[in-house]
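Below is model36.txt, holding compact mmCIF, C-alpha atoms.
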# COMPACT_ATOMS: atom_id res chain seq x y z
CA MET A 98 87.62 137.68 -97.58
CA GLY A 99 86.21 135.59 -94.73
CA ASP A 100 83.92 132.62 -95.19
CA ASP A 101 80.86 134.59 -94.12
CA GLU A 102 81.30 137.04 -96.97
CA ARG A 103 82.13 134.56 -99.71
CA PHE A 104 79.43 133.60 -102.16
CA GLU A 105 80.25 131.24 -105.01
CA PRO A 106 77.00 129.68 -106.24
CA ASP A 107 78.73 128.10 -109.22
CA GLU A 108 80.80 125.97 -106.84
CA ILE A 109 77.67 124.92 -104.93
CA LEU A 110 75.89 124.04 -108.17
CA ALA A 111 78.93 122.16 -109.45
CA ALA A 112 78.84 119.96 -106.34
CA LEU A 113 75.13 119.27 -106.83
CA ASN A 114 75.63 118.45 -110.53
CA GLU A 115 78.64 116.25 -109.81
CA HIS A 116 76.51 114.13 -107.48
CA GLY A 117 73.49 114.09 -109.79
CA VAL A 118 71.19 115.92 -107.40
CA GLN A 119 67.76 116.69 -108.84
CA TYR A 120 67.06 120.32 -107.96
CA VAL A 121 65.66 123.58 -109.29
CA VAL A 122 66.96 127.04 -108.40
CA VAL A 123 64.17 129.30 -107.14
CA GLY A 124 64.12 132.69 -105.41
CA GLY A 125 66.31 135.64 -106.26
CA PHE A 126 68.78 133.78 -108.46
CA ALA A 127 66.00 132.21 -110.55
CA ILE A 128 64.57 135.67 -111.06
CA ALA A 129 68.04 136.94 -111.98
CA ALA A 130 68.31 134.17 -114.55
CA HIS A 131 65.20 135.64 -116.17
CA GLY A 132 66.88 139.03 -116.29
CA VAL A 133 65.59 140.76 -113.17
CA VAL A 134 68.37 141.34 -110.65
CA ARG A 135 67.43 142.18 -107.11
CA ALA A 136 68.97 141.77 -103.69
CA THR A 137 69.07 138.25 -102.33
CA ALA A 138 70.85 136.64 -99.41
CA ASP A 139 71.47 133.07 -100.48
CA LEU A 140 70.93 130.38 -103.09
CA ASP A 141 67.38 129.00 -102.81
CA LEU A 142 66.76 125.47 -104.01
CA VAL A 143 63.86 123.05 -104.26
CA VAL A 144 65.02 119.44 -104.46
CA GLN A 145 63.32 116.23 -105.43
CA LEU A 146 62.30 114.58 -102.19
CA ASP A 147 63.06 110.91 -102.42
CA TRP A 148 65.50 108.52 -100.81
CA ASP A 149 68.03 108.39 -103.68
CA ASN A 150 68.09 112.12 -104.20
CA ALA A 151 68.49 112.73 -100.49
CA ALA A 152 71.59 110.51 -100.58
CA ALA A 153 73.02 112.44 -103.53
CA LEU A 154 72.18 115.73 -101.84
CA ALA A 155 73.80 114.68 -98.57
CA ALA A 156 76.95 113.64 -100.43
CA ALA A 157 77.08 116.91 -102.38
CA LEU A 158 76.50 119.02 -99.27
CA THR A 159 79.19 117.13 -97.39
CA THR A 160 81.77 117.94 -100.05
CA ILE A 161 81.08 121.65 -99.61
CA GLU A 162 81.10 121.38 -95.81
CA ALA A 163 77.45 122.31 -95.29
CA ARG A 164 76.14 122.80 -91.79
CA ASP A 165 72.72 123.68 -90.52
CA LEU A 166 72.46 127.32 -89.49
CA ASP A 167 69.32 126.87 -87.41
CA ASP A 168 70.35 123.73 -85.59
CA SER A 169 74.09 123.11 -85.40
CA ARG A 170 73.47 119.62 -83.99
CA SER A 171 71.42 118.59 -86.99
CA ALA A 172 73.37 116.25 -89.26
CA ILE A 173 73.45 116.67 -93.00
CA SER A 174 72.45 113.12 -93.78
CA GLN A 175 70.22 111.20 -96.15
CA GLU A 176 67.84 110.43 -93.28
CA SER A 177 67.59 114.00 -92.04
CA LEU A 178 67.17 115.43 -95.53
CA VAL A 179 64.33 113.05 -96.36
CA ARG A 180 62.70 114.00 -93.06
CA SER A 181 63.06 117.73 -93.58
CA ALA A 182 64.34 119.49 -96.67
CA ASP A 183 63.45 122.95 -95.48
CA ARG A 184 66.76 124.09 -94.07
CA ARG A 185 69.17 126.97 -94.06
CA LEU A 186 72.73 125.85 -94.58
CA ARG A 187 76.13 127.45 -94.63
CA THR A 188 78.65 125.92 -96.98
CA ARG A 189 82.22 126.89 -97.69
CA HIS A 190 80.93 128.66 -100.80
CA GLY A 191 78.07 130.59 -99.18
CA GLU A 192 74.57 130.07 -97.83
CA VAL A 193 71.97 127.75 -99.31
CA ARG A 194 68.32 127.42 -98.42
CA LEU A 195 66.34 124.29 -99.14
CA LEU A 196 62.72 125.34 -99.50
CA ASN A 197 60.85 122.08 -99.93
CA GLU A 198 58.28 122.79 -97.28
CA ALA A 199 58.16 126.59 -97.41
CA ASP A 200 54.78 128.22 -97.79
CA GLY A 201 54.06 129.40 -101.31
CA VAL A 202 56.99 127.62 -102.94
CA PRO A 203 56.01 125.04 -105.58
CA ARG A 204 57.04 121.44 -105.15
CA TYR A 205 59.86 120.03 -107.28
CA GLU A 206 57.37 118.15 -109.44
CA GLU A 207 55.61 121.42 -110.21
CA LEU A 208 58.86 123.12 -111.18
CA VAL A 209 60.05 120.62 -113.77
CA PRO A 210 60.75 120.80 -116.61
CA ALA A 211 62.76 123.82 -115.56
CA ALA A 212 64.51 126.37 -117.72
CA VAL A 213 68.20 125.54 -118.02
CA ILE A 214 71.00 128.09 -118.07
CA GLU A 215 74.72 127.59 -118.47
CA LEU A 216 76.85 129.12 -115.75
CA ASP A 217 80.60 128.63 -116.01
CA GLY A 218 80.12 125.36 -117.83
CA GLN A 219 77.46 124.08 -115.41
CA ARG A 220 73.95 123.38 -116.64
CA VAL A 221 71.68 124.87 -114.03
CA PRO A 222 67.91 124.25 -113.84
CA VAL A 223 66.02 127.37 -112.79
CA ALA A 224 62.32 127.80 -112.14
CA GLN A 225 60.41 129.30 -115.02
CA LEU A 226 57.18 130.27 -113.36
CA GLU A 227 55.72 133.73 -113.17
CA LEU A 228 57.86 136.05 -111.08
CA ASP A 229 55.40 136.20 -108.18
CA ALA A 230 55.58 132.45 -107.75
CA LEU A 231 59.36 132.51 -107.70
CA GLU A 232 59.61 135.03 -104.91
CA ALA A 233 61.00 133.27 -101.86
CA ASP A 234 60.72 135.25 -98.66
CA ASN A 235 64.26 136.53 -98.50
CA MET B 81 35.68 131.72 -70.16
CA ALA B 82 38.64 132.86 -72.21
CA LYS B 83 37.96 133.02 -75.88
CA SER B 84 40.71 132.04 -78.31
CA THR B 85 41.46 134.59 -81.01
CA ASP B 86 43.56 134.47 -84.12
CA ARG B 87 46.01 136.83 -82.46
CA GLU B 88 46.46 134.52 -79.50
CA ALA B 89 46.81 131.54 -81.79
CA ALA B 90 49.53 133.16 -83.88
CA PRO B 91 52.99 131.66 -83.37
CA ASP B 92 55.09 133.88 -81.16
CA LYS B 93 58.47 132.56 -82.11
CA VAL B 94 60.43 132.22 -85.29
CA THR B 95 60.43 128.73 -86.70
CA PRO B 96 62.99 127.29 -89.11
CA ARG B 97 60.44 127.74 -91.88
CA GLN B 98 60.49 131.48 -91.32
CA THR B 99 64.17 131.97 -92.00
CA TRP B 100 63.54 135.39 -93.52
CA ASN B 101 63.05 136.44 -89.94
CA SER B 102 65.71 134.28 -88.36
CA ALA B 103 67.04 135.71 -85.12
CA ALA B 104 70.29 133.83 -85.70
CA GLN B 105 70.69 135.30 -89.18
CA ILE B 106 70.03 138.80 -87.90
CA ALA B 107 72.54 138.31 -85.10
CA GLU B 108 75.16 137.10 -87.57
CA HIS B 109 74.59 140.09 -89.78
CA ARG B 110 74.90 142.46 -86.84
CA ALA B 111 78.13 140.81 -85.78
CA MET B 112 79.73 141.63 -89.12
CA THR B 113 81.68 144.81 -89.62
CA PRO B 114 80.37 147.33 -92.16
CA GLU B 115 83.17 146.28 -94.50
CA GLN B 116 82.22 142.61 -94.19
CA ARG B 117 78.57 143.41 -94.89
CA LEU B 118 79.54 145.40 -97.95
CA ARG B 119 81.80 142.66 -99.25
CA LYS B 120 79.04 140.10 -98.79
CA MET B 121 76.52 142.28 -100.60
CA ILE B 122 78.96 142.84 -103.46
CA SER B 123 79.64 139.11 -103.69
CA LEU B 124 75.93 138.29 -103.77
CA SER B 125 75.20 141.00 -106.32
CA GLN B 126 78.01 139.85 -108.60
CA ALA B 127 76.62 136.31 -108.49
CA ALA B 128 73.11 137.55 -109.31
CA LEU B 129 74.47 139.52 -112.25
CA ARG B 130 76.21 136.41 -113.57
CA PHE B 131 72.89 134.54 -113.41
CA SER B 132 71.22 137.36 -115.32
CA ARG B 133 73.86 137.16 -118.05
CA ALA B 134 73.88 133.37 -118.30
CA GLU B 135 72.77 131.86 -121.57
CA ARG B 136 69.64 129.76 -121.61
CA VAL B 137 70.49 126.40 -123.14
CA ASP B 138 67.28 124.37 -122.99
CA GLY B 139 66.19 125.54 -126.43
CA ARG B 140 62.87 126.97 -125.28
Target encoding structure tokens, full file:
Amino acid sequence: MGDDERFEPDEILAALNEHGVQYVVVGGFAIAAHGVVRATADLDLVVQLDWDNAAALAAALTTIEARDLDDSRSAISQESLVRSADRRLRTRHGEVRLLNEADGVPRYEELVPAAVIELDGQRVPVAQLELDALEADN
Amino acid sequence: MAKSTDREAAPDKVTPRQTWNSAAQIAEHRAMTPEQRLRKMISLSQAALRFSRAERVDGR
């Protein structure tokens, strides 16, 4: 299977957890965690937007070889993530969308405390709002 | 004098915030073979099913 077809969200989440990234899963996978499975294209995340978390996020994304799908010249760095955390990324484990500035998506502070599920030994925070509020535009 | 309307003011190009309509993403999808598309969909669906079966551990 080629890289474009691979999707291993547990590996992405393991990298985030290993680096202590503060995040909440939203979108299709959050809805799936509440028992409603529907088609989705990537792993949607809202992250805490501060300097320290941006550093942790940049480190985690680097370990999974993330690159920006909309702007290949855009670096995955602490500075760029603090500036804009609304990005579509390809990693070696599949696509990730950061939705911090997307219309209709709650901010991180509105999503915590999140529900927590266990996925292959990883504790994963997922949004626990009403389904309509979780719907990312994918 | 030309009068501005909502239609004229509407953005005419996809921005990074509108990735659901990303021209790049559509082009990538079109470049895949039917088999690749199917494999990707299966992979995504399997992951979603695993989320749906995951145990909630926050005690709420």
| field | d(CA of Val209 (chain A), CA of Ser125 (chain B)) in Å | value | 26.5 Å
For the contact check between chain B and chain A, emit one row per residue of chain B within 8 Å, containing the shortest atom pair and the distance in Å rounded to one decimal, counting all atoms listed in the file, chain then rising number order, as a Markdown table.
| residue | atom | partner | partner_atom | distance |
| --- | --- | --- | --- | --- |
| B:Pro96 | CA | A:Asp167 | CA | 6.6 |
| B:Arg97 | CA | A:Ala199 | CA | 6.1 |
| B:Thr99 | CA | A:Arg185 | CA | 7.4 |
| B:Trp100 | CA | A:Asn235 | CA | 5.2 |
| B:Ala104 | CA | A:Asp167 | CA | 7.2 |
| B:Gln116 | CA | A:Glu102 | CA | 6.3 |
| B:Arg117 | CA | A:Glu102 | CA | 7.2 |
| B:Arg119 | CA | A:Glu102 | CA | 6.1 |
| B:Lys120 | CA | A:Glu102 | CA | 4.2 |
| B:Met121 | CA | A:Glu102 | CA | 8.0 |
| B:Ser123 | CA | A:Phe104 | CA | 5.7 |
| B:Leu124 | CA | A:Phe104 | CA | 6.1 |
| B:Ser125 | CA | A:Ala136 | CA | 6.8 |
| B:Ala127 | CA | A:Pro106 | CA | 7.0 |
| B:Ala128 | CA | A:Ala129 | CA | 5.8 |
| B:Leu129 | CA | A:Val134 | CA | 6.6 |
| B:Arg130 | CA | A:Leu216 | CA | 7.6 |
| B:Phe131 | CA | A:Ala130 | CA | 4.7 |
| B:Ser132 | CA | A:Ala130 | CA | 4.4 |
| B:Arg133 | CA | A:Ala130 | CA | 7.2 |
| B:Ala134 | CA | A:Leu216 | CA | 5.8 |
| B:Glu135 | CA | A:Ile214 | CA | 5.4 |
| B:Arg136 | CA | A:Ile214 | CA | 4.1 |
| B:Val137 | CA | A:Ile214 | CA | 5.4 |
| B:Asp138 | CA | A:Val213 | CA | 5.2 |
| B:Arg140 | CA | A:Ala212 | CA | 7.8 |
Expected file: the selected residues, C-alpha atoms, as a compact mmCIF listing (two decimals), in the coordinates of the input:
# COMPACT_ATOMS: atom_id res chain seq x y z
CA PRO B 96 62.99 127.29 -89.11
CA ARG B 97 60.44 127.74 -91.88
CA THR B 99 64.17 131.97 -92.00
CA TRP B 100 63.54 135.39 -93.52
CA ALA B 104 70.29 133.83 -85.70
CA GLN B 116 82.22 142.61 -94.19
CA ARG B 117 78.57 143.41 -94.89
CA ARG B 119 81.80 142.66 -99.25
CA LYS B 120 79.04 140.10 -98.79
CA MET B 121 76.52 142.28 -100.60
CA SER B 123 79.64 139.11 -103.69
CA LEU B 124 75.93 138.29 -103.77
CA SER B 125 75.20 141.00 -106.32
CA ALA B 127 76.62 136.31 -108.49
CA ALA B 128 73.11 137.55 -109.31
CA LEU B 129 74.47 139.52 -112.25
CA ARG B 130 76.21 136.41 -113.57
CA PHE B 131 72.89 134.54 -113.41
CA SER B 132 71.22 137.36 -115.32
CA ARG B 133 73.86 137.16 -118.05
CA ALA B 134 73.88 133.37 -118.30
CA GLU B 135 72.77 131.86 -121.57
CA ARG B 136 69.64 129.76 -121.61
CA VAL B 137 70.49 126.40 -123.14
CA ASP B 138 67.28 124.37 -122.99
CA ARG B 140 62.87 126.97 -125.28
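The space between CA of Gln105 (chain B) and CA of Ala172 (chain A) spans 19.2 Å.
Distance-wise, CA of Ser174 (chain A) and CA of Leu158 (chain A) end up 9.0 Å apart.
Look at Glu206 (chain A): the protein and nucleic acid residues within 12 Å of it, using only C-alpha atoms and passing over chain neighbours fewer than 3 places away, are Gln119, Tyr120, Val121, Val143, Val144, Gln145, Leu146, Asp147, Asn197, Val202, Pro203, Val209, Pro210, Ala211 and Ala224 of chain A.
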Quick one: residues within 10 Å of Thr159 (chain A), all atoms listed in the file, excluding same-chain residues fewer than 6 positions away - as a PDB file with C-alpha atoms, in the coordinates of the input?
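And here is the file that came out, around.pdb:
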ATOM      1  CA  ALA A 112      78.840 119.960-106.340  1.00  0.00           C
ATOM      2  CA  ALA A 153      73.020 112.440-103.530  1.00  0.00           C
ATOM      3  CA  ILE A 173      73.450 116.670 -93.000  1.00  0.00           C
ATOM      4  CA  SER A 174      72.450 113.120 -93.780  1.00  0.00           C
ATOM      5  CA  THR A 188      78.650 125.920 -96.980  1.00  0.00           C
TER       6      THR A 188
END
Let me have the centre and edge lengths of the axis-aligned box enclosing all listed atoms of region 145-161 of chain A with 4 Å padding on every side, in Å to one decimal, as JSON.
{"center_x": 72.0, "center_y": 115.0, "center_z": -101.4, "size_x": 27.5, "size_y": 21.3, "size_z": 16.0}
| request: Find the residues near Ala157 (chain A): any atom within 10 Å, counting only C-alpha atoms, skip ones fewer than 6 places away on the same chain, and give them as an NGL selection string. | output: :A and (109-118 or 151 or 163)
